[in-house]
$ cat upload-v4.cif   # mmCIF, C-alpha atoms (C1' of nucleotides)
data_input
#
loop_
_atom_site.label_atom_id
_atom_site.label_comp_id
_atom_site.auth_asym_id
_atom_site.auth_seq_id
_atom_site.Cartn_x
_atom_site.Cartn_y
_atom_site.Cartn_z
CA MET M 6 0.76 -6.67 -32.04
CA THR M 7 -0.67 -8.11 -28.89
CA ARG M 8 -1.53 -11.75 -28.35
CA PRO M 9 -4.47 -12.21 -26.02
CA GLY M 10 -5.12 -15.88 -26.69
CA GLY M 11 -3.38 -19.21 -26.75
CA ARG M 12 -0.47 -19.75 -24.43
CA SER M 13 -0.58 -16.21 -23.05
CA ALA M 14 -4.16 -16.68 -21.98
CA ARG M 15 -3.33 -20.01 -20.39
CA VAL M 16 -0.47 -18.48 -18.42
CA ARG M 17 -2.67 -15.63 -17.32
CA GLU M 18 -5.33 -18.04 -16.15
CA ALA M 19 -2.86 -20.27 -14.35
CA VAL M 20 -1.26 -17.34 -12.56
CA HIS M 21 -4.60 -15.92 -11.51
CA ARG M 22 -5.66 -19.26 -10.16
CA ALA M 23 -2.34 -19.60 -8.36
CA VAL M 24 -2.59 -16.32 -6.44
CA ILE M 25 -6.15 -16.95 -5.45
CA GLU M 26 -5.32 -20.44 -4.28
CA LEU M 27 -2.32 -19.30 -2.31
CA LEU M 28 -4.25 -16.51 -0.66
CA ALA M 29 -7.10 -18.85 0.14
CA GLU M 30 -4.59 -21.14 1.83
CA GLY M 31 -3.41 -18.29 4.01
CA GLU M 32 -0.12 -17.84 2.21
CA THR M 33 -0.37 -14.10 2.40
CA THR M 34 3.36 -13.57 2.22
CA ALA M 35 3.86 -15.56 -0.97
CA GLY M 36 6.04 -13.79 -3.48
CA VAL M 37 6.36 -13.96 -7.23
CA PRO M 38 8.49 -17.12 -7.17
CA GLN M 39 5.89 -19.01 -5.15
CA ILE M 40 3.08 -17.90 -7.40
CA ALA M 41 5.05 -18.86 -10.48
CA GLU M 42 5.86 -22.29 -9.15
CA ARG M 43 2.24 -22.96 -8.22
CA ALA M 44 1.15 -21.84 -11.66
CA GLY M 45 3.74 -24.01 -13.35
CA VAL M 46 5.23 -20.94 -14.97
CA ASN M 47 8.67 -19.41 -14.97
CA PRO M 48 9.08 -16.56 -12.45
CA THR M 49 10.66 -14.45 -15.15
CA SER M 50 7.46 -14.58 -17.14
CA VAL M 51 5.49 -13.29 -14.20
CA TYR M 52 7.95 -10.48 -13.64
CA ARG M 53 7.80 -9.51 -17.28
CA ARG M 54 4.01 -9.47 -17.55
CA TRP M 55 3.08 -8.08 -14.15
CA GLY M 56 6.23 -6.77 -12.55
CA SER M 57 5.13 -7.45 -9.00
CA CYS M 58 3.01 -9.55 -6.75
CA ALA M 59 0.64 -6.65 -6.14
CA SER M 60 -0.12 -6.25 -9.83
CA VAL M 61 -0.83 -9.93 -10.21
CA LEU M 62 -3.25 -9.78 -7.34
CA LEU M 63 -4.93 -6.70 -8.66
CA ASP M 64 -5.27 -8.18 -12.10
CA ALA M 65 -6.72 -11.37 -10.71
CA ALA M 66 -9.09 -9.49 -8.44
CA VAL M 67 -10.41 -7.18 -11.12
CA ALA M 68 -10.76 -10.01 -13.61
CA ARG M 69 -12.68 -12.08 -11.10
CA LEU M 70 -14.83 -9.35 -9.62
CA SER M 71 -15.82 -8.06 -13.04
CA LEU M 72 -17.70 -11.27 -13.63
CA THR M 73 -19.65 -10.85 -10.42
CA SER M 74 -22.72 -8.86 -9.47
CA PRO M 75 -23.96 -7.30 -12.71
CA VAL M 76 -26.35 -4.44 -12.10
CA PRO M 77 -29.88 -5.87 -12.06
CA ASP M 78 -33.01 -4.52 -13.75
CA THR M 79 -36.10 -6.17 -12.33
CA GLY M 80 -38.48 -3.29 -12.91
CA SER M 81 -38.94 -2.43 -9.25
CA LEU M 82 -36.61 -0.66 -6.86
CA ARG M 83 -37.07 -3.28 -4.20
CA GLY M 84 -36.36 -6.06 -6.64
CA ASP M 85 -33.25 -4.35 -7.97
CA VAL M 86 -31.78 -3.56 -4.58
CA GLU M 87 -32.55 -6.96 -3.12
CA GLN M 88 -31.17 -8.77 -6.12
CA TRP M 89 -27.99 -6.72 -6.10
CA ALA M 90 -27.55 -7.19 -2.37
CA THR M 91 -27.98 -10.91 -2.76
CA ALA M 92 -25.44 -11.04 -5.55
CA VAL M 93 -22.90 -9.16 -3.44
CA GLU M 94 -23.66 -11.39 -0.48
CA ARG M 95 -23.01 -14.46 -2.58
CA ALA M 96 -19.79 -13.05 -3.98
CA LEU M 97 -18.46 -12.27 -0.51
CA ALA M 98 -19.62 -15.50 1.07
CA ASP M 99 -17.40 -17.37 -1.36
CA PRO M 100 -13.96 -17.68 0.27
CA ASP M 101 -12.19 -16.75 -2.94
CA GLY M 102 -14.28 -13.62 -3.27
CA ALA M 103 -13.53 -12.65 0.29
CA VAL M 104 -9.84 -13.13 -0.22
CA LEU M 105 -9.87 -11.02 -3.36
CA VAL M 106 -11.78 -8.22 -1.73
CA ARG M 107 -9.29 -8.12 1.08
CA ALA M 108 -6.42 -8.12 -1.40
CA LEU M 109 -8.04 -5.36 -3.36
CA ILE M 110 -8.43 -3.25 -0.24
CA THR M 111 -4.84 -3.85 0.70
CA PHE M 112 -3.49 -2.55 -2.57
CA ILE M 113 -5.97 0.23 -3.09
CA GLY M 114 -3.83 2.34 -0.82
CA THR M 115 -1.07 2.02 -3.39
CA ASN M 116 -2.91 2.09 -6.69
CA ALA M 117 -5.61 4.45 -7.82
CA ASP M 118 -6.68 2.33 -10.79
CA PRO M 119 -8.81 -0.23 -8.96
CA ILE M 120 -10.74 2.57 -7.30
CA GLU M 121 -11.56 3.90 -10.72
CA HIS M 122 -12.81 0.50 -11.70
CA LEU M 123 -15.02 0.25 -8.67
CA LEU M 124 -16.36 3.73 -9.18
CA SER M 125 -17.30 2.96 -12.76
CA ARG M 126 -19.52 0.19 -11.38
CA GLY M 127 -20.91 2.81 -9.03
CA GLU M 128 -22.20 4.76 -11.98
CA ASP M 129 -24.17 1.77 -13.19
CA LEU M 130 -25.71 1.47 -9.75
CA GLU M 131 -26.53 5.13 -9.77
CA GLN M 132 -28.41 4.69 -13.01
CA MET M 133 -30.37 1.90 -11.46
CA LEU M 134 -31.42 4.25 -8.65
CA THR M 135 -32.13 7.12 -11.01
CA ALA M 136 -34.33 4.95 -13.17
CA ALA M 137 -36.35 3.93 -10.11
CA ALA M 138 -36.80 7.55 -9.09
CA ALA M 139 -37.99 8.33 -12.63
CA ARG M 140 -40.63 5.61 -12.22
CA GLY M 141 -41.92 7.48 -9.20
CA GLU M 142 -40.29 5.23 -6.60
CA PRO M 143 -38.40 6.72 -3.64
CA ALA M 144 -35.17 8.49 -4.65
CA LEU M 145 -32.14 6.78 -3.19
CA ASP M 146 -28.57 7.95 -3.00
CA LEU M 147 -25.69 5.77 -4.15
CA GLN M 148 -24.00 6.62 -0.87
CA GLU M 149 -26.98 5.29 1.07
CA LEU M 150 -26.88 2.07 -0.89
CA LEU M 151 -23.21 1.68 -0.06
CA ASP M 152 -23.70 2.61 3.60
CA TYR M 153 -26.67 0.38 4.26
CA VAL M 154 -25.81 -2.65 2.18
CA LEU M 155 -22.26 -2.80 0.88
CA ALA M 156 -20.43 -1.51 3.93
CA PRO M 157 -21.87 -4.02 6.42
CA LEU M 158 -21.07 -6.88 4.06
CA TYR M 159 -17.54 -5.66 3.54
CA LEU M 160 -17.02 -5.20 7.26
CA ARG M 161 -17.86 -8.84 7.81
CA VAL M 162 -15.31 -9.90 5.25
CA LEU M 163 -12.62 -7.62 6.57
CA LEU M 164 -13.08 -8.70 10.15
CA SER M 165 -13.37 -12.33 9.09
CA ARG M 166 -16.88 -12.61 10.48
CA PRO M 167 -19.24 -15.07 8.83
CA ILE M 168 -21.75 -13.78 6.28
CA GLU M 169 -25.15 -14.88 7.52
CA PRO M 170 -27.27 -16.31 4.69
CA GLY M 171 -30.02 -13.87 3.80
CA ILE M 172 -28.20 -10.90 5.31
CA GLY M 173 -28.15 -9.22 1.90
CA VAL M 174 -31.92 -8.99 1.69
CA GLN M 175 -32.11 -7.98 5.33
CA LEU M 176 -29.74 -5.06 4.77
CA ALA M 177 -31.59 -4.08 1.63
CA ASP M 178 -34.83 -3.99 3.62
CA ARG M 179 -33.33 -1.67 6.18
CA LEU M 180 -32.44 0.73 3.42
CA LEU M 181 -35.82 0.50 1.74
CA THR M 182 -37.65 0.94 5.03
CA ALA M 183 -35.59 4.01 5.87
CA ALA M 184 -36.49 5.31 2.41
CA GLY M 185 -40.18 4.96 3.20
CA LEU M 186 -40.82 1.93 1.03
CA PRO M 187 -43.14 -0.49 2.87
CA PRO M 188 -41.64 -3.91 3.63
CA ALA M 189 -42.46 -6.51 1.02
CA SER M 190 -45.66 -8.38 1.85
CA GLY M 191 -44.51 -11.09 -0.52
CA GLN M 192 -48.14 -11.39 -1.81
CA GLY M 193 -47.84 -8.91 -4.63
CA GLY M 194 -50.29 -6.04 -5.17
CA MET Y 27 13.30 -10.76 33.10
CA THR Y 28 11.67 -8.38 30.70
CA ARG Y 29 12.48 -4.71 30.37
CA PRO Y 30 9.50 -2.60 29.40
CA GLY Y 31 11.05 0.79 30.10
CA GLY Y 32 14.09 2.86 29.34
CA ARG Y 33 15.87 2.37 26.08
CA SER Y 34 13.58 -0.46 24.97
CA ALA Y 35 10.56 1.77 25.34
CA ARG Y 36 12.29 4.54 23.41
CA VAL Y 37 13.16 2.19 20.57
CA ARG Y 38 9.61 0.89 20.49
CA GLU Y 39 8.23 4.41 20.35
CA ALA Y 40 10.65 5.49 17.65
CA VAL Y 41 9.89 2.47 15.50
CA HIS Y 42 6.14 2.93 15.87
CA ARG Y 43 6.44 6.55 14.88
CA ALA Y 44 8.62 5.59 11.94
CA VAL Y 45 6.16 3.12 10.39
CA ILE Y 46 3.25 5.46 10.83
CA GLU Y 47 5.18 8.31 9.29
CA LEU Y 48 6.34 6.25 6.35
CA LEU Y 49 2.86 4.93 5.66
CA ALA Y 50 1.41 8.40 5.95
CA GLU Y 51 3.93 9.53 3.35
CA GLY Y 52 2.72 6.84 1.00
CA GLU Y 53 5.80 4.67 1.39
CA THR Y 54 3.72 1.54 1.45
CA THR Y 55 6.55 -0.66 0.22
CA ALA Y 56 9.03 0.35 2.90
CA GLY Y 57 10.83 -2.58 4.45
CA VAL Y 58 12.46 -3.16 7.79
CA PRO Y 59 15.70 -1.37 6.81
CA GLN Y 60 13.81 1.80 5.87
CA ILE Y 61 11.79 1.78 9.05
CA ALA Y 62 14.91 1.23 11.12
CA GLU Y 63 16.76 4.06 9.45
CA ARG Y 64 13.86 6.45 9.95
CA ALA Y 65 13.66 5.43 13.58
CA GLY Y 66 17.38 5.88 14.07
CA VAL Y 67 17.67 2.27 15.12
CA ASN Y 68 19.68 -0.66 13.86
CA PRO Y 69 17.75 -2.97 11.48
CA THR Y 70 18.94 -5.94 13.47
CA SER Y 71 17.10 -4.66 16.52
CA VAL Y 72 13.88 -4.44 14.59
CA TYR Y 73 14.31 -7.94 13.22
CA ARG Y 74 14.98 -9.29 16.68
CA ARG Y 75 12.03 -7.62 18.38
CA TRP Y 76 9.41 -7.86 15.65
CA GLY Y 77 10.74 -10.22 13.02
CA SER Y 78 8.95 -8.57 10.14
CA CYS Y 79 7.47 -5.42 8.79
CA ALA Y 80 3.97 -6.75 9.28
CA SER Y 81 4.45 -7.32 12.99
CA VAL Y 82 5.79 -3.83 13.44
CA LEU Y 83 2.76 -2.41 11.73
CA LEU Y 84 0.41 -4.51 13.75
CA ASP Y 85 2.08 -3.59 16.99
CA ALA Y 86 1.97 0.08 16.10
CA ALA Y 87 -1.65 -0.11 15.01
CA VAL Y 88 -2.86 -1.89 18.10
CA ALA Y 89 -0.87 0.40 20.38
CA ARG Y 90 -2.26 3.47 18.67
CA LEU Y 91 -5.84 2.35 18.29
CA SER Y 92 -6.01 1.28 21.91
CA LEU Y 93 -5.70 4.90 22.91
CA THR Y 94 -8.57 5.93 20.69
CA SER Y 95 -12.33 5.93 21.12
CA PRO Y 96 -12.92 4.87 24.72
CA VAL Y 97 -16.42 3.61 25.28
CA PRO Y 98 -18.54 6.59 26.42
CA ASP Y 99 -21.05 6.78 29.27
CA THR Y 100 -23.20 9.87 28.93
CA GLY Y 101 -26.29 8.47 30.63
CA SER Y 102 -28.42 8.33 27.49
CA LEU Y 103 -28.32 5.90 24.59
CA ARG Y 104 -28.40 8.66 22.06
CA GLY Y 105 -25.57 10.48 23.78
CA ASP Y 106 -23.46 7.35 24.02
CA VAL Y 107 -23.93 6.29 20.43
CA GLU Y 108 -23.42 9.77 19.04
CA GLN Y 109 -20.33 10.34 21.12
CA TRP Y 110 -18.83 7.02 20.14
CA ALA Y 111 -19.63 7.60 16.46
CA THR Y 112 -18.00 10.99 16.61
CA ALA Y 113 -14.90 9.56 18.24
CA VAL Y 114 -14.59 6.92 15.56
CA GLU Y 115 -15.20 9.53 12.89
CA ARG Y 116 -12.41 11.66 14.29
CA ALA Y 117 -10.04 8.72 14.55
CA LEU Y 118 -10.64 7.75 10.92
CA ALA Y 119 -10.56 11.28 9.57
CA ASP Y 120 -7.01 11.58 10.86
CA PRO Y 121 -4.69 10.37 8.08
CA ASP Y 122 -2.62 8.37 10.55
CA GLY Y 123 -5.68 6.61 11.86
CA ALA Y 124 -6.85 5.77 8.37
CA VAL Y 125 -3.48 4.35 7.47
CA LEU Y 126 -3.42 2.21 10.58
CA VAL Y 127 -6.88 0.87 10.02
CA ARG Y 128 -5.97 -0.15 6.53
CA ALA Y 129 -2.80 -1.79 7.81
CA LEU Y 130 -4.75 -3.61 10.45
CA ILE Y 131 -7.21 -4.91 7.90
CA THR Y 132 -4.41 -6.04 5.67
CA PHE Y 133 -2.79 -8.19 8.29
CA ILE Y 134 -5.92 -9.41 10.01
CA GLY Y 135 -6.10 -12.11 7.38
CA THR Y 136 -2.82 -13.44 8.71
CA ASN Y 137 -3.08 -12.91 12.45
CA ALA Y 138 -5.93 -13.77 14.73
CA ASP Y 139 -4.65 -11.69 17.64
CA PRO Y 140 -5.72 -8.25 16.45
CA ILE Y 141 -9.22 -9.57 15.86
CA GLU Y 142 -9.30 -10.71 19.44
CA HIS Y 143 -8.27 -7.27 20.49
CA LEU Y 144 -10.99 -5.63 18.46
CA LEU Y 145 -13.59 -8.04 19.73
CA SER Y 146 -12.67 -7.29 23.32
CA ARG Y 147 -13.56 -3.68 22.59
CA GLY Y 148 -16.78 -4.99 21.15
CA GLU Y 149 -17.69 -6.37 24.54
CA ASP Y 150 -17.34 -2.95 26.09
CA LEU Y 151 -19.67 -1.57 23.46
CA GLU Y 152 -22.12 -4.35 24.13
CA GLN Y 153 -22.18 -3.38 27.80
CA MET Y 154 -22.95 0.17 26.80
CA LEU Y 155 -25.96 -1.06 24.84
CA THR Y 156 -27.05 -3.44 27.56
CA ALA Y 157 -26.94 -0.71 30.16
CA ALA Y 158 -29.16 1.47 27.97
CA ALA Y 159 -31.67 -1.35 27.56
CA ALA Y 160 -31.68 -1.79 31.34
CA ARG Y 161 -32.59 1.89 31.66
CA GLY Y 162 -35.64 1.21 29.51
CA GLU Y 163 -34.21 2.61 26.31
CA PRO Y 164 -34.54 0.70 23.02
CA ALA Y 165 -32.47 -2.49 22.94
CA LEU Y 166 -29.77 -2.35 20.30
CA ASP Y 167 -27.61 -5.08 18.94
CA LEU Y 168 -23.85 -4.72 18.71
CA GLN Y 169 -24.13 -5.94 15.15
CA GLU Y 170 -26.55 -3.14 14.32
CA LEU Y 171 -24.17 -0.59 15.78
CA LEU Y 172 -21.37 -1.97 13.61
CA ASP Y 173 -23.57 -2.15 10.51
CA TYR Y 174 -25.09 1.29 10.76
CA VAL Y 175 -22.14 3.29 12.07
CA LEU Y 176 -18.78 1.56 11.95
CA ALA Y 177 -19.10 -0.15 8.58
CA PRO Y 178 -19.92 2.98 6.56
CA LEU Y 179 -17.03 4.83 8.16
CA TYR Y 180 -14.62 2.00 7.47
CA LEU Y 181 -15.82 1.72 3.90
CA ARG Y 182 -14.92 5.35 3.32
CA VAL Y 183 -11.44 4.76 4.67
CA LEU Y 184 -10.89 1.61 2.69
CA LEU Y 185 -12.04 3.12 -0.57
CA SER Y 186 -10.10 6.31 0.15
CA ARG Y 187 -13.26 8.38 0.13
CA PRO Y 188 -13.33 11.52 2.27
CA ILE Y 189 -15.00 11.37 5.69
CA GLU Y 190 -17.61 14.12 5.68
CA PRO Y 191 -17.54 16.09 8.96
CA GLY Y 192 -20.58 15.21 11.03
CA ILE Y 193 -21.16 11.92 9.26
CA GLY Y 194 -20.69 10.10 12.54
CA VAL Y 195 -23.70 11.72 14.16
CA GLN Y 196 -25.69 11.29 10.96
CA LEU Y 197 -25.03 7.57 10.88
CA ALA Y 198 -25.82 7.30 14.58
CA ASP Y 199 -29.15 9.01 13.93
CA ARG Y 200 -30.04 6.52 11.25
CA LEU Y 201 -29.50 3.73 13.70
CA LEU Y 202 -31.44 5.42 16.48
CA THR Y 203 -34.31 6.27 14.16
CA ALA Y 204 -34.48 2.70 12.92
CA ALA Y 205 -34.58 1.66 16.58
CA GLY Y 206 -37.60 3.86 17.18
CA LEU Y 207 -35.82 6.57 19.12
CA PRO Y 208 -37.14 9.99 18.04
CA PRO Y 209 -34.54 12.31 16.48
CA ALA Y 210 -32.96 14.69 18.97
CA SER Y 211 -34.87 17.94 19.23
CA GLY Y 212 -31.82 19.50 20.82
CA GLN Y 213 -34.10 21.34 23.27
CA GLY Y 214 -34.14 18.66 25.91
CA GLY Y 215 -37.12 16.98 27.62
"C1'" DC L 21 5.29 -20.93 -43.67
"C1'" DC L 22 6.79 -16.27 -41.86
"C1'" DT L 23 7.27 -12.80 -38.04
"C1'" DT L 24 7.69 -11.67 -33.66
"C1'" DA L 25 5.28 -11.52 -29.06
"C1'" DA L 26 5.69 -14.08 -25.22
"C1'" DG L 27 7.74 -17.78 -22.44
"C1'" DG L 28 11.80 -20.48 -20.55
"C1'" DC L 29 16.40 -20.98 -18.86
"C1'" DC L 30 20.52 -19.57 -16.51
"C1'" DA L 31 23.79 -16.73 -14.79
"C1'" DA L 32 24.53 -12.23 -12.48
"C1'" DT L 33 23.14 -8.73 -9.08
"C1'" DG L 34 21.77 -6.41 -5.09
"C1'" DG L 35 19.33 -5.76 -1.06
"C1'" DA L 36 16.97 -7.99 2.75
"C1'" DT L 37 17.63 -11.13 6.51
"C1'" DT L 38 20.50 -13.86 9.73
"C1'" DT L 39 24.39 -14.80 12.69
"C1'" DG L 40 28.17 -14.10 16.04
"C1'" DC L 41 30.07 -11.20 19.05
"C1'" DC L 42 30.56 -7.00 21.61
"C1'" DT L 43 28.62 -2.74 24.10
"C1'" DT L 44 25.11 -0.45 26.59
"C1'" DT L 45 21.99 -0.10 30.28
"C1'" DA L 46 17.34 -1.32 32.89
"C1'" DG L 47 16.17 -3.10 36.91
"C1'" DG L 48 17.41 -5.05 40.86
"C1'" DT L 49 20.82 -6.05 44.97
"C1'" DT L 50 23.95 -5.03 48.57
"C1'" DA O 2 25.25 5.08 46.16
"C1'" DA O 3 28.07 1.70 44.07
"C1'" DC O 4 27.64 -2.51 41.72
"C1'" DC O 5 25.91 -6.83 39.51
"C1'" DT O 6 23.56 -9.54 35.51
"C1'" DA O 7 21.49 -10.27 31.72
"C1'" DA O 8 18.12 -8.17 28.43
"C1'" DA O 9 18.29 -5.50 24.62
"C1'" DG O 10 20.80 -2.81 21.16
"C1'" DG O 11 24.67 -2.04 17.74
"C1'" DC O 12 28.03 -3.54 14.35
"C1'" DA O 13 30.00 -6.20 10.57
"C1'" DA O 14 30.42 -10.17 8.08
"C1'" DA O 15 27.97 -13.97 5.89
"C1'" DT O 16 24.05 -15.78 3.60
"C1'" DC O 17 19.91 -16.06 1.33
"C1'" DC O 18 16.66 -15.03 -2.16
"C1'" DA O 19 13.94 -12.03 -5.00
"C1'" DT O 20 14.67 -9.57 -9.10
"C1'" DT O 21 16.97 -8.57 -13.52
"C1'" DG O 22 19.32 -9.20 -18.03
"C1'" DG O 23 20.94 -11.87 -21.94
"C1'" DC O 24 19.93 -15.24 -25.03
"C1'" DC O 25 17.36 -19.04 -26.91
"C1'" DT O 26 12.87 -21.56 -27.89
"C1'" DT O 27 7.95 -21.79 -28.63
"C1'" DA O 28 3.91 -20.80 -30.85
"C1'" DA O 29 0.11 -16.93 -31.81
"C1'" DG O 30 -1.78 -14.60 -35.55
"C1'" DG O 31 -1.44 -13.61 -40.04
#
$ encode --input "upload-v4.cif" --output "structure tokens"
Amino acid sequence: MTRPGGRSARVREAVHRAVIELLAEGETTAGVPQIAERAGVNPTSVYRRWGSCASVLLDAAVARLSLTSPVPDTGSLRGDVEQWATAVERALADPDGAVLVRALITFIGTNADPIEHLLSRGEDLEQMLTAAAARGEPALDLQELLDYVLAPLYLRVLLSRPIEPGIGVQLADRLLTAAGLPPASGQGG
Amino acid sequence: MTRPGGRSARVREAVHRAVIELLAEGETTAGVPQIAERAGVNPTSVYRRWGSCASVLLDAAVARLSLTSPVPDTGSLRGDVEQWATAVERALADPDGAVLVRALITFIGTNADPIEHLLSRGEDLEQMLTAAAARGEPALDLQELLDYVLAPLYLRVLLSRPIEPGIGVQLADRLLTAAGLPPASGQGG
DNA sequence: CCTTAAGGCCAATGGATTTGCCTTTAGGTT
DNA sequence: AACCTAAAGGCAAATCCATTGGCCTTAAGG
């Protein structure tokens, strides 16, 4: 029998918060003992539940990023893409989000699981694009969406460049323009 | 007095090769002792010169990446951008290059130095774009070059997706098209 | 009020890191 | 060319610290 709630949940929460905090403070070399102390938890407990610092990080990152950027459904391709881009922009502009993305990237080389997780989100996005095409809007590729919008945002995070407010929409517009969709007039019609 | 050559240089070389090899073999958790053994060097020497595994990696990455992708000067904007994109593509398609980029990203959060190094290359690229604008060609932004070409390539590396051959030129064309430069006819004039 | 999953504590353990000292040798000098 | 000198490497012993294992305590979930 597994026990998802109560003390276990509190420990999980505390540990997640601890890693994120430590990373945000630049303590990138913190080990399990440091995390445990910050979380007010015994190191042994962390070792038993997660086994390593990397797993903790991964768990925290996936838990956090799952709450972010749900796939939108505004009824128009432009609306969907812009809304999604904005959500990603917001997620990455938040220092915690940035830190988690970097951590995720770091450990993706080791673990295949997080990639799977990300790709499953990709399928949702693909559906969003497919639905738009079915409505008669321009057909977009998931890869194009990633190239035009996600990649530039990630590059900023990874190189520690600032995320300019509004950049999400701007990137989305580049994609939509390249796809032949006229720029939004903003006046409807 | 510092001694850049002779045995020191050999040790440096051997250690660089060792980290790259180990990473390429998937030994992402290798520590200083493993690196030293692979390099045929005493661990103490590694500790004294670099202090940590991260520094070794960084040193190796910067040393290696400095040799790659020199800024081109073909006389035409399209030629320059396409050639640069292809060089980057080639660098990232090489497993060693990919591994180093990921390593670099991982430790950029900690160290500011490598960012400086990368940005200094950015200035060279900016000159390339400025020179083209001075010739009357479309004026491009460094940021656009990074967004359209570098970011998508990096994203592939970071998410462990394959780098499709020719993708460099394809990305370059997107940028050039967006800039109003007609696609290459390949027939000149 | 049970049962037992999960956490805490403490005492090993083992490998990474540091330290002191000696040997090699790069780079310069005579 | 032989010859300094000190920077850099090697070696071994000492130390430090993350990780593990055994055992007890707490408290979910029924």
$ resolve_selection --input "upload-v4.cif" --expression "the PyMOL selection byres ((chain L and resi 27) around 8)" --output "NGL selection string"
(:M and (47 or 50)) or (:L and (26 or 28)) or (:O and (27))
$ closest_residue --input "upload-v4.cif" --among "Y:Pro188, Y:Gly32, Y:Gly123, Y:Pro59" --to "DA36 in chain L" --atoms "all atoms listed in the file"
Y:Pro59
$ resolve_selection --input "upload-v4.cif" --expression "the PyMOL selection byres ((chain M and resi 177) around 9)" --output "number ranges by chain"
M: 83, 86-87, 89-91, 150, 153-154, 172-176, 178-182
$ residues_around --input "upload-v4.cif" --residues "range 60-77 of chain M" --least-positions-apart "4" --cutoff "6 Å" --atoms "all atoms listed in the file" --output "mmCIF file with C-alpha atoms, in the coordinates of the input"
data_model
loop_
_atom_site.group_PDB
_atom_site.id
_atom_site.type_symbol
_atom_site.label_atom_id
_atom_site.label_comp_id
_atom_site.auth_asym_id
_atom_site.auth_seq_id
_atom_site.Cartn_x
_atom_site.Cartn_y
_atom_site.Cartn_z
ATOM 1 C CA HIS M 21 -4.600 -15.920 -11.510
ATOM 2 C CA TRP M 55 3.080 -8.080 -14.150
ATOM 3 C CA ASP M 85 -33.250 -4.350 -7.970
ATOM 4 C CA ALA M 92 -25.440 -11.040 -5.550
ATOM 5 C CA LEU M 105 -9.870 -11.020 -3.360
#
$ closest_atom_pairs --input "upload-v4.cif" --of "chain M" --to "chain L" --cutoff "10 Å" --atoms "only C-alpha atoms (C1' of nucleotides)" --output "CSV"
residue,atom,partner,partner_atom,distance
M:Met6,CA,L:DA25,C1',7.3
M:Thr7,CA,L:DA25,C1',6.9
M:Arg8,CA,L:DA25,C1',6.9
M:Arg12,CA,L:DA26,C1',8.4
M:Ser13,CA,L:DA26,C1',7.0
M:Val16,CA,L:DG27,C1',9.2
M:Val46,CA,L:DG27,C1',8.5
M:Asn47,CA,L:DG28,C1',6.5
M:Pro48,CA,L:DG28,C1',9.4
M:Thr49,CA,L:DG28,C1',8.2
M:Ser50,CA,L:DG27,C1',6.2
M:Val51,CA,L:DG27,C1',9.6
M:Arg53,CA,L:DA26,C1',9.4
M:Arg54,CA,L:DA26,C1',9.1
$ closest_atom_pairs --input "upload-v4.cif" --of "chain O" --to "chain Y" --cutoff "12 Å" --atoms "all atoms listed in the file" --output "CSV"
residue,atom,partner,partner_atom,distance
O:DT6,C1',Y:Met27,CA,10.6
O:DA7,C1',Y:Met27,CA,8.3
O:DA8,C1',Y:Thr28,CA,6.8
O:DA9,C1',Y:Ser34,CA,6.9
O:DG10,C1',Y:Ser71,CA,6.2
O:DG11,C1',Y:Asn68,CA,6.5
O:DC12,C1',Y:Asn68,CA,8.8
O:DA13,C1',Y:Thr70,CA,11.4
$ resolve_selection --input "upload-v4.cif" --expression "the PyMOL selection byres ((chain Y) within 9 of (chain M))" --output "mmCIF file with C-alpha atoms, in the coordinates of the input"
data_model
loop_
_atom_site.group_PDB
_atom_site.id
_atom_site.type_symbol
_atom_site.label_atom_id
_atom_site.label_comp_id
_atom_site.auth_asym_id
_atom_site.auth_seq_id
_atom_site.Cartn_x
_atom_site.Cartn_y
_atom_site.Cartn_z
ATOM 1 C CA GLY Y 52 2.720 6.840 1.000
ATOM 2 C CA GLU Y 53 5.800 4.670 1.390
ATOM 3 C CA THR Y 54 3.720 1.540 1.450
ATOM 4 C CA THR Y 55 6.550 -0.660 0.220
ATOM 5 C CA VAL Y 125 -3.480 4.350 7.470
ATOM 6 C CA ARG Y 128 -5.970 -0.150 6.530
ATOM 7 C CA ALA Y 129 -2.800 -1.790 7.810
ATOM 8 C CA ILE Y 131 -7.210 -4.910 7.900
ATOM 9 C CA THR Y 132 -4.410 -6.040 5.670
ATOM 10 C CA PHE Y 133 -2.790 -8.190 8.290
ATOM 11 C CA ILE Y 134 -5.920 -9.410 10.010
ATOM 12 C CA GLY Y 135 -6.100 -12.110 7.380
ATOM 13 C CA THR Y 136 -2.820 -13.440 8.710
ATOM 14 C CA ILE Y 141 -9.220 -9.570 15.860
ATOM 15 C CA LEU Y 172 -21.370 -1.970 13.610
ATOM 16 C CA ASP Y 173 -23.570 -2.150 10.510
ATOM 17 C CA TYR Y 174 -25.090 1.290 10.760
ATOM 18 C CA VAL Y 175 -22.140 3.290 12.070
ATOM 19 C CA LEU Y 176 -18.780 1.560 11.950
ATOM 20 C CA ALA Y 177 -19.100 -0.150 8.580
ATOM 21 C CA PRO Y 178 -19.920 2.980 6.560
ATOM 22 C CA LEU Y 179 -17.030 4.830 8.160
ATOM 23 C CA TYR Y 180 -14.620 2.000 7.470
ATOM 24 C CA LEU Y 181 -15.820 1.720 3.900
ATOM 25 C CA ARG Y 182 -14.920 5.350 3.320
ATOM 26 C CA LEU Y 184 -10.890 1.610 2.690
ATOM 27 C CA LEU Y 185 -12.040 3.120 -0.570
ATOM 28 C CA SER Y 186 -10.100 6.310 0.150
ATOM 29 C CA LEU Y 197 -25.030 7.570 10.880
ATOM 30 C CA ARG Y 200 -30.040 6.520 11.250
ATOM 31 C CA THR Y 203 -34.310 6.270 14.160
ATOM 32 C CA ALA Y 204 -34.480 2.700 12.920
#
